[in-house]
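Q: One structure is given below, represented as structure tokens, and several questions about it will come after.
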Amino acid sequence: MSTSSVNGPLQPGDRAPDVVLDAISREGKVALNDFRGRSPLLIGLFRGLHCPFCRRHVAAMAQLKPALHEKGVECLAVVNTPVERARLYFRYHPTPDLLAASDPERASHRAFGLREVGMDTVMAIRVHLPGELPEPMDVMAMNEFLNKKEGYEITEADQQMMASGQAQLVGQFLLDRAGIVRWSFTEVLEVGYTFRAPNPEELMSAASEVAHQ
């Protein structure tokens with residue numbers, strides 16, 4: 001399919017585009033075509049590491065990777081963080097064997113149909129996170145609170161990403177060996193928003209089906 005005509009997140013049955021990105025967890029590039037004909041792939045497209053929820057998504061993917069690997073499914077986490085800043089983060093917060101790539105231009109998000117929403121929509125949201133936030137907060141206040149709580153130091157590179165990509169939606173896509181989407185998860189921004197990762201049982205069930213195709 002032509003990525004220029006994508007009007008919404010790719011759905012099961014759609015062919016995933018090829019994207020080529022800078023690798024974070026090793027030197028060189030990562031291309032989706034590298035996996036085609038070789039193995040299924042779970043690709044996670046996240047905002048920058050300055051986003052506390054996206055750090056949680058990366059950690060959740062790393063936790064599921066061993067079980068997915070047993071089924072022959074590879075994992076790739078893409079973050080909207082410049083590569084050198086991202087490498088510094090992963091150096092001190094290692095996620096063993098999780099392949100990660102940098103996409104500060106958000107080209108992969110656009111190619112998979114993950115749109116940006118207006119900042120008026122984002123700022124109208126109040127995030128509920130019982131046990132972590134003292135009260136419902138807007139997105140900017142939530143980011144500041146959790147980053148401080150978790151000791152994440154905002155750098156100039158992070159500030160640039162925050163200024164340009166705060167309203168970027170995130171998603172995850174399970175591709176079969178031919179590069180066809182077989183399962184997807186897309187973030188929904190709405191009133192009462194809270195962190196929601198993909199359902200592990202649902203994902204593993206889809207991975208089992210893809211592994212036997």
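By order in the structure tokens, chains are A, B, ...; within a chain, residues start at 1; ligands start at 1, following the order shown.
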Could you list, as a list in words, every residue within 12 Å of A:Met140, counting only C-alpha atoms and ignoring same-chain residues fewer than 6 positions away?
A: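 Answer for this query is His50, Cys51, Pro52, Met119, Val122, Met123, Ala124, Ile125, Arg126, Val127, Leu146, Asn147, Met162, Ala163, Gln166 and Ala167 of chain A.
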Q: Please provide the set of residues having any atom within 10 Å of stretch 105-117 of chain A, restricted to only C-alpha atoms, with same-chain residues fewer than 5 positions apart removed, written as a VMD selection string.
A: chain A and resid 2 to 11 14 to 21 44 to 48 78 to 82 122 161 164 to 173 186 to 187 189
Q: Can you write just those residues out, N, CA and C atoms, as a tab-separated table (two decimals), in the first residue's frame?
A:
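Resulting contents of part09.tsv:
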```tsv
chain	number	residue	atom	x	y	z
A	2	SER	N	0.36	2.31	-0.48
A	2	SER	CA	1.11	3.56	-0.52
A	2	SER	C	1.00	4.27	0.81
A	3	THR	N	2.13	4.54	1.45
A	3	THR	CA	2.08	5.18	2.76
A	3	THR	C	1.61	6.61	2.67
A	4	SER	N	1.67	7.22	1.48
A	4	SER	CA	1.22	8.59	1.33
A	4	SER	C	-0.29	8.70	1.43
A	5	SER	N	-1.00	7.56	1.28
A	5	SER	CA	-2.46	7.59	1.31
A	5	SER	C	-3.03	7.07	2.63
A	6	VAL	N	-2.15	6.84	3.60
A	6	VAL	CA	-2.62	6.32	4.88
A	6	VAL	C	-3.40	7.40	5.62
A	7	ASN	N	-4.66	7.10	5.94
A	7	ASN	CA	-5.50	8.07	6.63
A	7	ASN	C	-5.76	7.72	8.08
A	8	GLY	N	-5.33	6.58	8.51
A	8	GLY	CA	-5.51	6.14	9.89
A	8	GLY	C	-4.55	5.01	10.17
A	9	PRO	N	-4.50	4.54	11.41
A	9	PRO	CA	-3.58	3.46	11.76
A	9	PRO	C	-3.78	2.23	10.89
A	10	LEU	N	-2.70	1.60	10.47
A	10	LEU	CA	-2.81	0.37	9.70
A	10	LEU	C	-3.59	-0.67	10.50
A	11	GLN	N	-4.34	-1.48	9.77
A	11	GLN	CA	-5.20	-2.49	10.38
A	11	GLN	C	-4.78	-3.87	9.91
A	14	ASP	N	-3.44	-5.06	6.27
A	14	ASP	CA	-2.66	-4.04	5.56
A	14	ASP	C	-1.20	-4.46	5.48
A	15	ARG	N	-0.55	-4.06	4.40
A	15	ARG	CA	0.89	-4.30	4.26
A	15	ARG	C	1.65	-3.16	4.93
A	16	ALA	N	2.58	-3.52	5.78
A	16	ALA	CA	3.39	-2.51	6.46
A	16	ALA	C	4.41	-1.92	5.50
A	17	PRO	N	4.73	-0.64	5.67
A	17	PRO	CA	5.75	-0.01	4.84
A	17	PRO	C	7.14	-0.44	5.28
A	18	ASP	N	8.12	-0.17	4.45
A	18	ASP	CA	9.49	-0.32	4.92
A	18	ASP	C	9.95	1.02	5.47
A	19	VAL	N	10.62	0.99	6.60
A	19	VAL	CA	11.25	2.18	7.15
A	19	VAL	C	12.67	1.80	7.54
A	20	VAL	N	13.57	2.75	7.43
A	20	VAL	CA	14.98	2.53	7.79
A	20	VAL	C	15.35	3.57	8.84
A	21	LEU	N	15.81	3.09	10.00
A	21	LEU	CA	16.05	3.97	11.14
A	21	LEU	C	17.43	3.72	11.73
A	44	GLY	N	6.89	-1.48	18.04
A	44	GLY	CA	6.23	-0.50	18.88
A	44	GLY	C	6.70	0.88	18.50
A	45	LEU	N	5.76	1.78	18.21
A	45	LEU	CA	6.07	3.15	17.79
A	45	LEU	C	5.65	4.09	18.91
A	46	PHE	N	6.63	4.64	19.60
A	46	PHE	CA	6.38	5.41	20.82
A	46	PHE	C	6.85	6.86	20.67
A	47	ARG	N	6.36	7.70	21.58
A	47	ARG	CA	6.91	9.05	21.65
A	47	ARG	C	8.32	8.98	22.23
A	48	GLY	N	8.93	10.11	22.46
A	48	GLY	CA	10.29	10.12	22.98
A	48	GLY	C	10.36	9.56	24.39
A	78	VAL	N	10.59	1.64	18.73
A	78	VAL	CA	11.01	2.87	18.07
A	78	VAL	C	10.60	4.05	18.93
A	79	VAL	N	11.56	4.93	19.22
A	79	VAL	CA	11.27	6.10	20.05
A	79	VAL	C	11.63	7.38	19.31
A	80	ASN	N	10.85	8.43	19.55
A	80	ASN	CA	11.08	9.74	18.92
A	80	ASN	C	12.13	10.53	19.69
A	81	THR	N	13.26	9.91	19.93
A	81	THR	CA	14.35	10.53	20.67
A	81	THR	C	15.60	10.49	19.80
A	82	PRO	N	16.34	11.59	19.66
A	82	PRO	CA	17.58	11.56	18.88
A	82	PRO	C	18.48	10.43	19.35
A	122	VAL	N	-5.13	17.45	23.63
A	122	VAL	CA	-4.22	16.87	24.62
A	122	VAL	C	-4.36	17.58	25.96
A	161	MET	N	12.01	17.53	21.41
A	161	MET	CA	11.01	16.52	21.08
A	161	MET	C	9.66	16.83	21.76
A	164	SER	N	7.75	19.46	19.84
A	164	SER	CA	7.26	19.12	18.51
A	164	SER	C	6.36	17.89	18.45
A	165	GLY	N	6.41	17.03	19.49
A	165	GLY	CA	5.70	15.76	19.36
A	165	GLY	C	4.85	15.35	20.53
A	166	GLN	N	4.42	16.30	21.35
A	166	GLN	CA	3.64	15.95	22.53
A	166	GLN	C	2.31	15.30	22.18
A	167	ALA	N	1.79	15.62	20.98
A	167	ALA	CA	0.47	15.13	20.60
A	167	ALA	C	0.53	13.93	19.66
A	168	GLN	N	1.66	13.30	19.57
A	168	GLN	CA	1.83	12.13	18.71
A	168	GLN	C	1.22	10.89	19.36
A	169	LEU	N	0.33	10.22	18.62
A	169	LEU	CA	-0.23	8.97	19.12
A	169	LEU	C	0.81	7.85	18.98
A	170	VAL	N	0.66	6.82	19.80
A	170	VAL	CA	1.57	5.68	19.75
A	170	VAL	C	0.79	4.42	19.42
A	171	GLY	N	1.50	3.40	18.96
A	171	GLY	CA	0.83	2.15	18.61
A	171	GLY	C	1.82	1.01	18.50
A	172	GLN	N	1.27	-0.20	18.45
A	172	GLN	CA	2.09	-1.40	18.25
A	172	GLN	C	1.43	-2.25	17.17
A	173	PHE	N	2.28	-2.90	16.35
A	173	PHE	CA	1.80	-3.66	15.20
A	173	PHE	C	2.56	-4.97	15.11
A	186	THR	N	-3.57	0.67	19.27
A	186	THR	CA	-3.36	2.10	19.08
A	186	THR	C	-3.87	2.86	20.30
A	187	GLU	N	-3.07	3.81	20.75
A	187	GLU	CA	-3.44	4.66	21.87
A	187	GLU	C	-4.67	5.49	21.53
A	189	LEU	N	-6.65	8.84	22.96
A	189	LEU	CA	-6.62	9.97	23.89
A	189	LEU	C	-8.05	10.40	24.17
```
Q: Could you check the closest approach to A:Leu32 for each of A:Arg87, A:Arg177, A:Arg55, A:Arg182 and tell me which residue wins, using only C-alpha atoms?
A: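 Among the listed residues, A:Arg177 lies closest to A:Leu32.
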Q: Would you please extract all strand (DSSP E or B) residues from stretch 28-209 of chain A, as assigned by DSSP on the backbone, and give them as a ChimeraX atom specification?
A: /A:29-31,41-46,74-79,99-102,116,127,137,168,171-175,180-186
Q: If I take atom CA of A:Asp103 and atom CA of A:Pro40, how far is one from the other in Å, to one decimal?
A: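 Computing the Euclidean distance for atom CA of A:Asp103 and atom CA of A:Pro40 yields 21.2 Å.
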Q: Just to confirm, what's the straight-line distance from atom CA of A:Asp97 to atom CA of A:Thr155 in Å (one decimal)?
A: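 For atom CA of A:Asp97 relative to atom CA of A:Thr155, the distance reads 25.9 Å.
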Q: Using backbone DSSP assignments, extract all alpha helix (DSSP H) residues from stretch 14-205 of chain A; output them as a ChimeraX atom specification.
A: /A:52-70,83-92,107-111,119-124,139-150,156-165,200-205
Q: Give me the residues within 9 Å of A:Glu74 as a ChimeraX atom specification, counting only C-alpha atoms and dropping any in the same chain fewer than 5 places off.
A: /A:35,39-43,65,68-69,98-99
